[in-house]
$ cat coords08.txt   # compact mmCIF, C-alpha atoms
# COMPACT_ATOMS: atom_id res chain seq x y z
CA MET H 24 91.69 118.08 91.09
CA SER H 25 93.92 116.91 88.23
CA ARG H 26 94.81 113.27 87.91
CA PRO H 27 98.50 112.51 88.74
CA ALA H 28 100.57 111.60 85.68
CA ALA H 29 102.00 108.57 87.48
CA GLN H 30 98.48 107.23 87.98
CA ASP H 31 97.76 107.50 84.25
CA ASP H 32 101.10 105.88 83.47
CA GLU H 33 100.37 102.85 85.68
CA ALA H 34 96.89 102.40 84.18
CA ARG H 35 98.41 102.47 80.68
CA ALA H 36 101.13 100.02 81.74
CA VAL H 37 98.57 97.55 83.07
CA ALA H 38 96.53 97.81 79.86
CA GLU H 39 99.66 97.25 77.76
CA ARG H 40 100.66 94.20 79.79
CA TYR H 41 97.23 92.65 79.29
CA ALA H 42 97.27 93.54 75.60
CA ARG H 43 100.43 91.45 75.17
CA ARG H 44 98.56 88.35 76.26
CA ASP H 45 97.08 85.96 73.73
CA ALA H 46 93.32 86.23 74.31
CA GLN H 47 92.53 83.03 72.40
CA ALA H 48 95.16 81.05 74.30
CA ASP H 49 93.82 82.42 77.59
CA ALA H 50 90.28 81.40 76.62
CA ARG H 51 91.45 77.83 75.99
CA ARG H 52 93.69 77.68 79.06
CA TYR H 53 91.17 79.11 81.51
CA GLY H 54 87.95 77.85 79.94
CA LEU H 55 86.06 75.37 82.09
CA PHE H 56 86.40 72.53 79.58
CA ASP H 57 90.03 72.49 80.73
CA ALA H 58 90.18 70.08 83.70
CA ALA H 59 92.83 72.10 85.55
CA ALA H 60 90.91 75.37 85.16
CA LEU H 61 87.68 73.69 86.24
CA GLN H 62 89.28 72.28 89.39
CA ALA H 63 90.76 75.68 90.30
CA GLN H 64 87.45 77.47 89.76
CA GLN H 65 85.52 74.97 91.87
CA GLU H 66 88.09 75.27 94.66
CA ARG H 67 87.84 79.07 94.61
CA LEU H 68 84.06 78.85 94.90
CA ARG H 69 84.25 76.41 97.82
CA VAL H 70 86.73 78.59 99.72
CA MET H 71 84.76 81.77 98.95
CA VAL H 72 81.53 80.26 100.27
CA ALA H 73 83.30 78.84 103.33
CA LEU H 74 84.78 82.24 104.21
CA TRP H 75 81.42 83.96 103.84
CA ARG H 76 79.61 81.28 105.83
CA ALA H 77 82.15 81.67 108.64
CA HIS H 78 81.42 85.41 108.48
CA GLY H 79 77.72 84.66 109.08
CA TRP H 80 76.44 85.06 105.53
CA ASP H 81 74.01 82.36 104.45
CA ASP H 82 73.43 83.83 100.99
CA LEU H 83 74.13 86.92 98.87
CA ALA H 84 70.56 88.17 98.56
CA GLY H 85 70.26 91.82 99.50
CA ARG H 86 74.00 92.43 99.37
CA ASP H 87 75.79 95.01 97.24
CA LEU H 88 78.80 93.45 95.50
CA ILE H 89 81.37 94.74 93.04
CA GLU H 90 84.40 93.18 91.37
CA VAL H 91 87.47 95.20 90.42
CA GLY H 92 89.06 93.85 87.25
CA CYS H 93 86.00 91.80 86.31
CA GLY H 94 87.37 90.76 82.91
CA ALA H 95 84.75 89.09 80.75
CA GLY H 96 82.44 88.58 83.73
CA GLY H 97 83.09 85.00 84.81
CA ASN H 98 83.32 85.73 88.53
CA LEU H 99 80.24 87.94 88.39
CA LEU H 100 78.36 85.08 86.76
CA ASP H 101 79.44 82.84 89.65
CA LEU H 102 78.11 85.41 92.12
CA LEU H 103 74.75 85.36 90.34
CA ARG H 104 74.69 81.57 90.68
CA LEU H 105 75.40 82.02 94.39
CA GLY H 106 72.31 84.20 94.71
CA ALA H 107 73.53 87.75 94.12
CA GLU H 108 70.84 90.06 92.77
CA PRO H 109 71.71 91.48 89.32
CA ASP H 110 70.71 95.04 90.20
CA ARG H 111 73.00 94.97 93.25
CA LEU H 112 75.98 93.55 91.36
CA ALA H 113 78.64 95.45 89.40
CA GLY H 114 82.04 95.05 87.81
CA ILE H 115 84.83 97.43 86.85
CA GLU H 116 87.13 96.60 83.95
CA LEU H 117 90.02 98.63 82.54
CA GLN H 118 90.03 97.04 79.06
CA ALA H 119 87.23 98.00 76.70
CA GLU H 120 87.14 94.61 74.95
CA ARG H 121 86.72 92.71 78.19
CA ALA H 122 84.13 95.13 79.51
CA ALA H 123 82.13 94.64 76.29
CA ALA H 124 82.41 90.85 76.68
CA ALA H 125 81.10 91.10 80.25
CA ARG H 126 78.12 93.15 79.10
CA ARG H 127 77.29 90.48 76.49
CA LEU H 128 77.53 87.69 79.07
CA LEU H 129 75.70 89.20 82.03
CA PRO H 130 72.09 90.31 82.56
CA PRO H 131 71.49 93.97 81.65
CA ALA H 132 70.80 94.83 85.30
CA VAL H 133 74.44 94.07 86.19
CA GLN H 134 76.40 97.30 85.86
CA VAL H 135 79.74 97.03 84.06
CA ILE H 136 81.91 100.12 84.47
CA GLU H 137 84.74 100.60 81.99
CA GLY H 138 87.87 102.35 83.22
CA ASP H 139 90.32 102.73 86.09
CA ALA H 140 88.81 101.62 89.41
CA THR H 141 90.52 104.47 91.28
CA ARG H 142 88.40 106.89 89.25
CA ALA H 143 85.09 105.07 89.65
CA ASP H 144 82.24 107.12 91.05
CA LEU H 145 81.24 104.87 93.94
CA ALA H 146 79.94 106.14 97.25
CA PRO H 147 81.94 105.38 100.39
CA ALA H 148 80.62 102.48 102.49
CA SER H 149 78.29 101.41 99.67
CA GLN H 150 79.43 97.78 99.17
CA ASP H 151 79.09 94.64 101.26
CA ALA H 152 81.95 92.99 99.40
CA VAL H 153 84.57 94.10 96.89
CA LEU H 154 86.26 91.33 94.92
CA ALA H 155 89.82 91.75 93.63
CA PHE H 156 91.01 88.59 91.89
CA THR H 157 94.56 88.61 90.42
CA VAL H 158 94.48 92.40 90.34
CA PHE H 159 97.18 93.49 92.79
CA SER H 160 99.77 91.15 91.28
CA SER H 161 99.36 93.07 88.00
CA LEU H 162 100.25 96.37 89.68
CA LEU H 163 104.04 96.45 89.75
CA ASP H 164 104.20 99.87 91.40
CA ASP H 165 103.82 99.92 95.19
CA THR H 166 102.12 103.31 95.19
CA ALA H 167 99.56 102.11 92.65
CA GLN H 168 98.79 99.11 94.85
CA GLN H 169 98.33 101.34 97.88
CA ARG H 170 96.11 103.75 95.95
CA LEU H 171 93.83 100.95 94.75
CA ALA H 172 93.67 99.34 98.20
CA ALA H 173 92.67 102.64 99.82
CA THR H 174 90.05 103.21 97.13
CA ILE H 175 88.30 99.86 97.46
CA TRP H 176 88.57 99.81 101.26
CA ALA H 177 86.64 103.09 101.32
CA TRP H 178 83.82 101.46 99.34
CA VAL H 179 83.30 98.73 101.95
CA ARG H 180 80.58 99.31 104.52
CA PRO H 181 81.22 98.24 108.12
CA GLY H 182 80.53 94.53 108.49
CA GLY H 183 81.57 93.85 104.90
CA GLY H 184 84.95 93.16 103.39
CA VAL H 185 87.34 92.76 100.49
CA LEU H 186 87.66 89.29 98.97
CA PHE H 187 91.24 89.12 97.73
CA TYR H 188 92.61 86.31 95.53
CA ASP H 189 96.05 86.50 94.01
CA PHE H 190 99.46 84.96 93.44
CA ALA H 191 101.32 84.12 96.63
CA VAL H 192 104.62 83.75 94.75
CA ASP H 193 106.29 85.27 91.72
CA ASN H 194 105.76 83.60 88.37
CA PRO H 195 109.21 83.01 86.85
CA ARG H 196 107.63 82.71 83.39
CA ASN H 197 105.71 85.98 83.59
CA ALA H 198 107.51 89.22 84.46
CA ASP H 199 104.21 91.12 84.15
CA VAL H 200 103.01 89.90 87.55
CA ARG H 201 104.48 89.59 91.03
CA GLY H 202 103.41 87.61 94.04
CA VAL H 203 101.64 89.29 96.95
CA SER H 204 102.76 88.10 100.37
CA VAL H 205 100.52 87.90 103.43
CA ALA H 206 102.58 90.70 104.94
CA ARG H 207 101.89 92.85 101.88
CA VAL H 208 98.16 92.10 102.03
CA ARG H 209 98.11 93.17 105.68
CA ALA H 210 100.10 96.32 104.86
CA LEU H 211 97.68 97.24 102.08
CA PHE H 212 94.66 96.74 104.36
CA PRO H 213 96.02 97.57 107.83
CA GLN H 214 92.58 98.08 109.40
CA ALA H 215 91.18 94.76 108.19
CA ARG H 216 90.51 91.65 110.19
CA CYS H 217 92.13 89.09 107.91
CA THR H 218 91.40 85.41 107.23
CA VAL H 219 93.72 83.78 104.70
CA ARG H 220 93.56 80.47 102.83
CA ARG H 221 96.23 78.99 100.53
CA LEU H 222 94.80 77.39 97.38
CA THR H 223 95.23 76.66 93.66
CA LEU H 224 97.64 73.99 92.50
CA ALA H 225 100.47 75.58 90.46
CA PRO H 226 98.82 75.96 87.03
CA PRO H 227 101.62 74.36 84.96
CA LEU H 228 101.55 71.32 87.27
CA ALA H 229 97.76 71.25 87.22
CA ARG H 230 97.68 71.26 83.42
CA ALA H 231 100.31 68.51 83.26
CA ALA H 232 98.34 66.42 85.75
CA ALA H 233 95.12 66.96 83.82
CA ARG H 234 96.73 65.55 80.68
CA LEU H 235 97.22 62.28 82.56
CA HIS H 236 93.75 62.18 84.12
CA ALA H 237 91.00 64.78 84.54
CA GLY H 238 90.71 64.05 88.28
CA LEU H 239 94.43 64.21 89.01
CA PRO H 240 94.68 68.00 89.61
CA ALA H 241 92.19 67.79 92.48
CA TRP H 242 94.02 64.82 94.06
CA THR H 243 97.42 66.48 93.69
CA ASN H 244 96.11 69.73 95.14
CA ALA H 245 94.65 67.91 98.15
CA LEU H 246 97.70 65.76 98.84
CA LEU H 247 100.43 68.34 98.19
CA PRO H 248 99.29 71.72 99.55
CA VAL H 249 102.90 72.95 99.37
CA LEU H 250 102.36 73.21 95.59
CA ARG H 251 99.55 75.76 95.91
CA THR H 252 100.51 79.11 94.41
CA HIS H 253 97.68 81.50 95.34
CA ARG H 254 95.95 82.92 98.40
CA MET H 255 92.41 83.97 99.12
CA ALA H 256 91.87 86.46 101.91
CA TRP H 257 88.66 87.81 103.40
CA LEU H 258 89.48 91.25 104.76
CA VAL H 259 86.72 92.43 107.08
CA LYS H 260 85.89 96.01 108.05
CA ASP H 261 84.60 95.81 111.59
CA ARG H 262 81.39 97.57 112.54
$ encode --input "coords08.txt" --output "C-alpha cells"
Amino acid sequence: MSRPAAQDDEARAVAERYARRDAQADARRYGLFDAAALQAQQERLRVMVALWRAHGWDDLAGRDLIEVGCGAGGNLLDLLRLGAEPDRLAGIELQAERAAAARRLLPPAVQVIEGDATRADLAPASQDAVLAFTVFSSLLDDTAQQRLAATIWAWVRPGGGVLFYDFAVDNPRNADVRGVSVARVRALFPQARCTVRRLTLAPPLARAAARLHAGLPAWTNALLPVLRTHRMAWLVKDR
C-alpha cells in the first residue's frame, strides 16, 4: 500500500521545524549542568517511577520498552539506570543526526530506529511501555496526531501503557509546538485508563529562578503548581 502524501508532508514538516532549532543552544539549555533542566529531569523521573509503582511495577527488568522521538537518547539512558535491559529497549528518531547521537551514547544492544514511527516495523502488542515525550505537541496536524496515537497504541500489550509527557499549554514564543489538553489526550487514546500529573515549572521562569539560586526552581515548582506547564499521563491498556 502506498504511503499517503499528507503523511510524508507532515514528517518533512516536523523535520524542518526541528532543523530550525539551534542544536548548540538546546544542548546548553537542556543539559543537566543547567539547574532548571536538572530539576525538571529529576521531577520527571520521580513522577514516572511513582506512576509505574502505582501500576504495580517494582522495576523494569524483563519489560519491553520503546521511546518514540528518542532524540539523542537521554530518556533511554534514564530507563537503563532504572533497570531496563538494553536488549529489550529501543528508540525511534526521525532525524538522522539525533539517531546517530543516540547510537553513540547508548549500549550497542539498545536498538535505535531511524525514521517515521508510523512506518516502524513493530509487532502489535509487543511493548510493555511506549514513551512519547514532547512528541504530540510537535505534530500540528490533527490527523497526524491521531495516526501516531493509533500506531503506538497498537504496539502496547495488554497490561502495559503509553507514558505521555508534553506541553499542557501553548508556547507563545514557539509557533512550532502547541499544547495538548487532557481532553485531547483522552481523545487520542479513547480506550486507555488514564492517570495524569501536572509538572514542570515554566522553563523561562525556571531558568530565571536558577540564575538567582540553583535550588530556587524546585522550591518555586513546589510552592506554585499553577506555574507548571506540562503533563505526564500513564495511559493503560487493560488486560
$ residues_around --input "coords08.txt" --residues "range 85-99 of chain H" --least-positions-apart "2" --cutoff "9 Å" --atoms "all atoms listed in the file" --output "PyMOL selection string"
chain H and resi 82-83+101-104+107-108+110-118+120-129+133+135+140+149-158+175
$ write_last_selection --input "coords08.txt" --atoms "C-alpha atoms" --output "mmCIF file, keeping the file's coordinate frame"
data_model
loop_
_atom_site.group_PDB
_atom_site.id
_atom_site.type_symbol
_atom_site.label_atom_id
_atom_site.label_comp_id
_atom_site.auth_asym_id
_atom_site.auth_seq_id
_atom_site.Cartn_x
_atom_site.Cartn_y
_atom_site.Cartn_z
ATOM 1 C CA ASP H 82 73.430 83.830 100.990
ATOM 2 C CA LEU H 83 74.130 86.920 98.870
ATOM 3 C CA ASP H 101 79.440 82.840 89.650
ATOM 4 C CA LEU H 102 78.110 85.410 92.120
ATOM 5 C CA LEU H 103 74.750 85.360 90.340
ATOM 6 C CA ARG H 104 74.690 81.570 90.680
ATOM 7 C CA ALA H 107 73.530 87.750 94.120
ATOM 8 C CA GLU H 108 70.840 90.060 92.770
ATOM 9 C CA ASP H 110 70.710 95.040 90.200
ATOM 10 C CA ARG H 111 73.000 94.970 93.250
ATOM 11 C CA LEU H 112 75.980 93.550 91.360
ATOM 12 C CA ALA H 113 78.640 95.450 89.400
ATOM 13 C CA GLY H 114 82.040 95.050 87.810
ATOM 14 C CA ILE H 115 84.830 97.430 86.850
ATOM 15 C CA GLU H 116 87.130 96.600 83.950
ATOM 16 C CA LEU H 117 90.020 98.630 82.540
ATOM 17 C CA GLN H 118 90.030 97.040 79.060
ATOM 18 C CA GLU H 120 87.140 94.610 74.950
ATOM 19 C CA ARG H 121 86.720 92.710 78.190
ATOM 20 C CA ALA H 122 84.130 95.130 79.510
ATOM 21 C CA ALA H 123 82.130 94.640 76.290
ATOM 22 C CA ALA H 124 82.410 90.850 76.680
ATOM 23 C CA ALA H 125 81.100 91.100 80.250
ATOM 24 C CA ARG H 126 78.120 93.150 79.100
ATOM 25 C CA ARG H 127 77.290 90.480 76.490
ATOM 26 C CA LEU H 128 77.530 87.690 79.070
ATOM 27 C CA LEU H 129 75.700 89.200 82.030
ATOM 28 C CA VAL H 133 74.440 94.070 86.190
ATOM 29 C CA VAL H 135 79.740 97.030 84.060
ATOM 30 C CA ALA H 140 88.810 101.620 89.410
ATOM 31 C CA SER H 149 78.290 101.410 99.670
ATOM 32 C CA GLN H 150 79.430 97.780 99.170
ATOM 33 C CA ASP H 151 79.090 94.640 101.260
ATOM 34 C CA ALA H 152 81.950 92.990 99.400
ATOM 35 C CA VAL H 153 84.570 94.100 96.890
ATOM 36 C CA LEU H 154 86.260 91.330 94.920
ATOM 37 C CA ALA H 155 89.820 91.750 93.630
ATOM 38 C CA PHE H 156 91.010 88.590 91.890
ATOM 39 C CA THR H 157 94.560 88.610 90.420
ATOM 40 C CA VAL H 158 94.480 92.400 90.340
ATOM 41 C CA ILE H 175 88.300 99.860 97.460
#
$ closest_residue --input "coords08.txt" --among "H:Ala241, H:Val200, H:Ala59, H:Val249" --to "Arg221 in chain H" --atoms "all atoms listed in the file"
H:Val249
$ atom_distance --input "coords08.txt" --atom1 "CA of Ala231 in chain H" --atom2 "CA of Phe56 in chain H"
14.9 Å
$ closest_residue --input "coords08.txt" --among "H:Leu171, H:Ser161, H:Pro131, H:Ala206" --to "Ala143 in chain H" --atoms "only C-alpha atoms"
H:Leu171
$ atom_distance --input "coords08.txt" --atom1 "CA of Gly138 in chain H" --atom2 "CA of Pro109 in chain H"
20.4 Å
$ closest_residue --input "coords08.txt" --among "H:Asp139, H:Glu66, H:Asp144, H:Asp81" --to "Tyr188 in chain H" --atoms "all atoms listed in the file"
H:Glu66
$ residues_around --input "coords08.txt" --residues "Leu239 in chain H" --least-positions-apart "6" --cutoff "10 Å" --atoms "only C-alpha atoms" --output "short mmCIF file (atom, residue, chain, number, x, y, z; two decimals) with C-alpha atoms, in the coordinates of the input"
data_model
loop_
_atom_site.label_atom_id
_atom_site.label_comp_id
_atom_site.auth_asym_id
_atom_site.auth_seq_id
_atom_site.Cartn_x
_atom_site.Cartn_y
_atom_site.Cartn_z
CA ALA H 58 90.18 70.08 83.70
CA ALA H 59 92.83 72.10 85.55
CA GLN H 62 89.28 72.28 89.39
CA ALA H 229 97.76 71.25 87.22
CA ARG H 230 97.68 71.26 83.42
CA ALA H 231 100.31 68.51 83.26
CA ALA H 232 98.34 66.42 85.75
CA ALA H 233 95.12 66.96 83.82
CA ALA H 245 94.65 67.91 98.15
#
$ residues_around --input "coords08.txt" --residues "Trp176 in chain H" --least-positions-apart "4" --cutoff "9 Å" --atoms "all atoms listed in the file" --output "ChimeraX atom specification"
/H:147-148,153,171-172,180,184-185,212,215,260
$ axis_aligned_box --input "coords08.txt" --around "range 230-246 of chain H" --padding-each-side "6 Å" --output "JSON"
{"center_x": 95.5, "center_y": 66.7, "center_z": 89.8, "size_x": 21.6, "size_y": 21.1, "size_z": 30.2}
$ atom_distance --input "coords08.txt" --atom1 "CA of Arg76 in chain H" --atom2 "CA of Gly202 in chain H"
27.3 Å
$ residues_around --input "coords08.txt" --residues "Ser204 in chain H" --least-positions-apart "2" --cutoff "12 Å" --atoms "all atoms listed in the file" --output "MDAnalysis selection string"
chainID H and resid 159:160 187:193 201:202 206:211 219 221 252:256
$ write_last_selection --input "coords08.txt" --atoms "C-alpha atoms" --output "PDB file, keeping the file's coordinate frame"
ATOM      1  CA  PHE H 159      97.180  93.490  92.790  1.00  0.00           C
ATOM      2  CA  SER H 160      99.770  91.150  91.280  1.00  0.00           C
ATOM      3  CA  PHE H 187      91.240  89.120  97.730  1.00  0.00           C
ATOM      4  CA  TYR H 188      92.610  86.310  95.530  1.00  0.00           C
ATOM      5  CA  ASP H 189      96.050  86.500  94.010  1.00  0.00           C
ATOM      6  CA  PHE H 190      99.460  84.960  93.440  1.00  0.00           C
ATOM      7  CA  ALA H 191     101.320  84.120  96.630  1.00  0.00           C
ATOM      8  CA  VAL H 192     104.620  83.750  94.750  1.00  0.00           C
ATOM      9  CA  ASP H 193     106.290  85.270  91.720  1.00  0.00           C
ATOM     10  CA  ARG H 201     104.480  89.590  91.030  1.00  0.00           C
ATOM     11  CA  GLY H 202     103.410  87.610  94.040  1.00  0.00           C
ATOM     12  CA  ALA H 206     102.580  90.700 104.940  1.00  0.00           C
ATOM     13  CA  ARG H 207     101.890  92.850 101.880  1.00  0.00           C
ATOM     14  CA  VAL H 208      98.160  92.100 102.030  1.00  0.00           C
ATOM     15  CA  ARG H 209      98.110  93.170 105.680  1.00  0.00           C
ATOM     16  CA  ALA H 210     100.100  96.320 104.860  1.00  0.00           C
ATOM     17  CA  LEU H 211      97.680  97.240 102.080  1.00  0.00           C
ATOM     18  CA  VAL H 219      93.720  83.780 104.700  1.00  0.00           C
ATOM     19  CA  ARG H 221      96.230  78.990 100.530  1.00  0.00           C
ATOM     20  CA  THR H 252     100.510  79.110  94.410  1.00  0.00           C
ATOM     21  CA  HIS H 253      97.680  81.500  95.340  1.00  0.00           C
ATOM     22  CA  ARG H 254      95.950  82.920  98.400  1.00  0.00           C
ATOM     23  CA  MET H 255      92.410  83.970  99.120  1.00  0.00           C
ATOM     24  CA  ALA H 256      91.870  86.460 101.910  1.00  0.00           C
TER      25      ALA H 256
END
$ residues_around --input "coords08.txt" --residues "Thr218 in chain H" --least-positions-apart "4" --cutoff "10 Å" --atoms "all atoms listed in the file" --output "list in words"
Leu74, Leu186, Met255, Ala256, Trp257, Leu258 and Val259 of chain H
$ closest_residue --input "coords08.txt" --among "H:Asp261, H:Ala84, H:Arg142, H:Leu100" --to "Pro130 in chain H" --atoms "only C-alpha atoms"
H:Leu100
$ closest_residue --input "coords08.txt" --among "H:Arg251, H:Asn197, H:Arg262, H:Trp242" --to "Val179 in chain H" --atoms "only C-alpha atoms"
H:Arg262
$ build_atoms --input "coords08.txt" --residues "range 179-197 of chain H" --atoms "N, CA and C atoms" --output "PDB file, in the frame of the given file"
ATOM      1  N   VAL H 179      83.866  99.799 101.130  1.00  0.00           N
ATOM      2  CA  VAL H 179      83.300  98.730 101.950  1.00  0.00           C
ATOM      3  C   VAL H 179      82.542  99.326 103.143  1.00  0.00           C
ATOM      4  N   ARG H 180      81.325  98.859 103.337  1.00  0.00           N
ATOM      5  CA  ARG H 180      80.580  99.310 104.520  1.00  0.00           C
ATOM      6  C   ARG H 180      80.976  98.465 105.724  1.00  0.00           C
ATOM      7  N   PRO H 181      80.886  99.018 106.928  1.00  0.00           N
ATOM      8  CA  PRO H 181      81.220  98.240 108.120  1.00  0.00           C
ATOM      9  C   PRO H 181      80.422  96.936 108.168  1.00  0.00           C
ATOM     10  N   GLY H 182      81.125  95.866 108.508  1.00  0.00           N
ATOM     11  CA  GLY H 182      80.530  94.530 108.490  1.00  0.00           C
ATOM     12  C   GLY H 182      80.743  93.790 107.194  1.00  0.00           C
ATOM     13  N   GLY H 183      81.237  94.480 106.169  1.00  0.00           N
ATOM     14  CA  GLY H 183      81.570  93.850 104.900  1.00  0.00           C
ATOM     15  C   GLY H 183      83.067  93.631 104.778  1.00  0.00           C
ATOM     16  N   GLY H 184      83.528  93.408 103.549  1.00  0.00           N
ATOM     17  CA  GLY H 184      84.950  93.160 103.390  1.00  0.00           C
ATOM     18  C   GLY H 184      85.405  93.129 101.950  1.00  0.00           C
ATOM     19  N   VAL H 185      86.691  92.951 101.797  1.00  0.00           N
ATOM     20  CA  VAL H 185      87.340  92.760 100.490  1.00  0.00           C
ATOM     21  C   VAL H 185      87.689  91.286 100.362  1.00  0.00           C
ATOM     22  N   LEU H 186      87.264  90.669  99.256  1.00  0.00           N
ATOM     23  CA  LEU H 186      87.660  89.290  98.970  1.00  0.00           C
ATOM     24  C   LEU H 186      88.818  89.352  97.978  1.00  0.00           C
ATOM     25  N   PHE H 187      89.977  88.945  98.447  1.00  0.00           N
ATOM     26  CA  PHE H 187      91.240  89.120  97.730  1.00  0.00           C
ATOM     27  C   PHE H 187      91.740  87.735  97.313  1.00  0.00           C
ATOM     28  N   TYR H 188      92.035  87.570  96.024  1.00  0.00           N
ATOM     29  CA  TYR H 188      92.610  86.310  95.530  1.00  0.00           C
ATOM     30  C   TYR H 188      93.740  86.672  94.590  1.00  0.00           C
ATOM     31  N   ASP H 189      94.930  86.108  94.858  1.00  0.00           N
ATOM     32  CA  ASP H 189      96.050  86.500  94.010  1.00  0.00           C
ATOM     33  C   ASP H 189      97.225  85.545  94.190  1.00  0.00           C
ATOM     34  N   PHE H 190      98.244  85.753  93.360  1.00  0.00           N
ATOM     35  CA  PHE H 190      99.460  84.960  93.440  1.00  0.00           C
ATOM     36  C   PHE H 190     100.142  85.156  94.785  1.00  0.00           C
ATOM     37  N   ALA H 191     100.536  84.057  95.400  1.00  0.00           N
ATOM     38  CA  ALA H 191     101.320  84.120  96.630  1.00  0.00           C
ATOM     39  C   ALA H 191     102.811  84.204  96.335  1.00  0.00           C
ATOM     40  N   VAL H 192     103.205  83.794  95.133  1.00  0.00           N
ATOM     41  CA  VAL H 192     104.620  83.750  94.750  1.00  0.00           C
ATOM     42  C   VAL H 192     104.787  84.381  93.382  1.00  0.00           C
ATOM     43  N   ASP H 193     106.006  84.763  93.064  1.00  0.00           N
ATOM     44  CA  ASP H 193     106.290  85.270  91.720  1.00  0.00           C
ATOM     45  C   ASP H 193     106.161  84.148  90.702  1.00  0.00           C
ATOM     46  N   ASN H 194     105.816  84.544  89.482  1.00  0.00           N
ATOM     47  CA  ASN H 194     105.760  83.600  88.370  1.00  0.00           C
ATOM     48  C   ASN H 194     107.020  83.778  87.533  1.00  0.00           C
ATOM     49  N   PRO H 195     107.949  82.821  87.575  1.00  0.00           N
ATOM     50  CA  PRO H 195     109.210  83.010  86.850  1.00  0.00           C
ATOM     51  C   PRO H 195     109.038  83.100  85.340  1.00  0.00           C
ATOM     52  N   ARG H 196     107.872  82.658  84.836  1.00  0.00           N
ATOM     53  CA  ARG H 196     107.630  82.710  83.390  1.00  0.00           C
ATOM     54  C   ARG H 196     106.893  83.976  82.969  1.00  0.00           C
ATOM     55  N   ASN H 197     106.520  84.819  83.928  1.00  0.00           N
ATOM     56  CA  ASN H 197     105.710  85.980  83.590  1.00  0.00           C
ATOM     57  C   ASN H 197     106.194  87.183  84.406  1.00  0.00           C
TER      58      ASN H 197
END
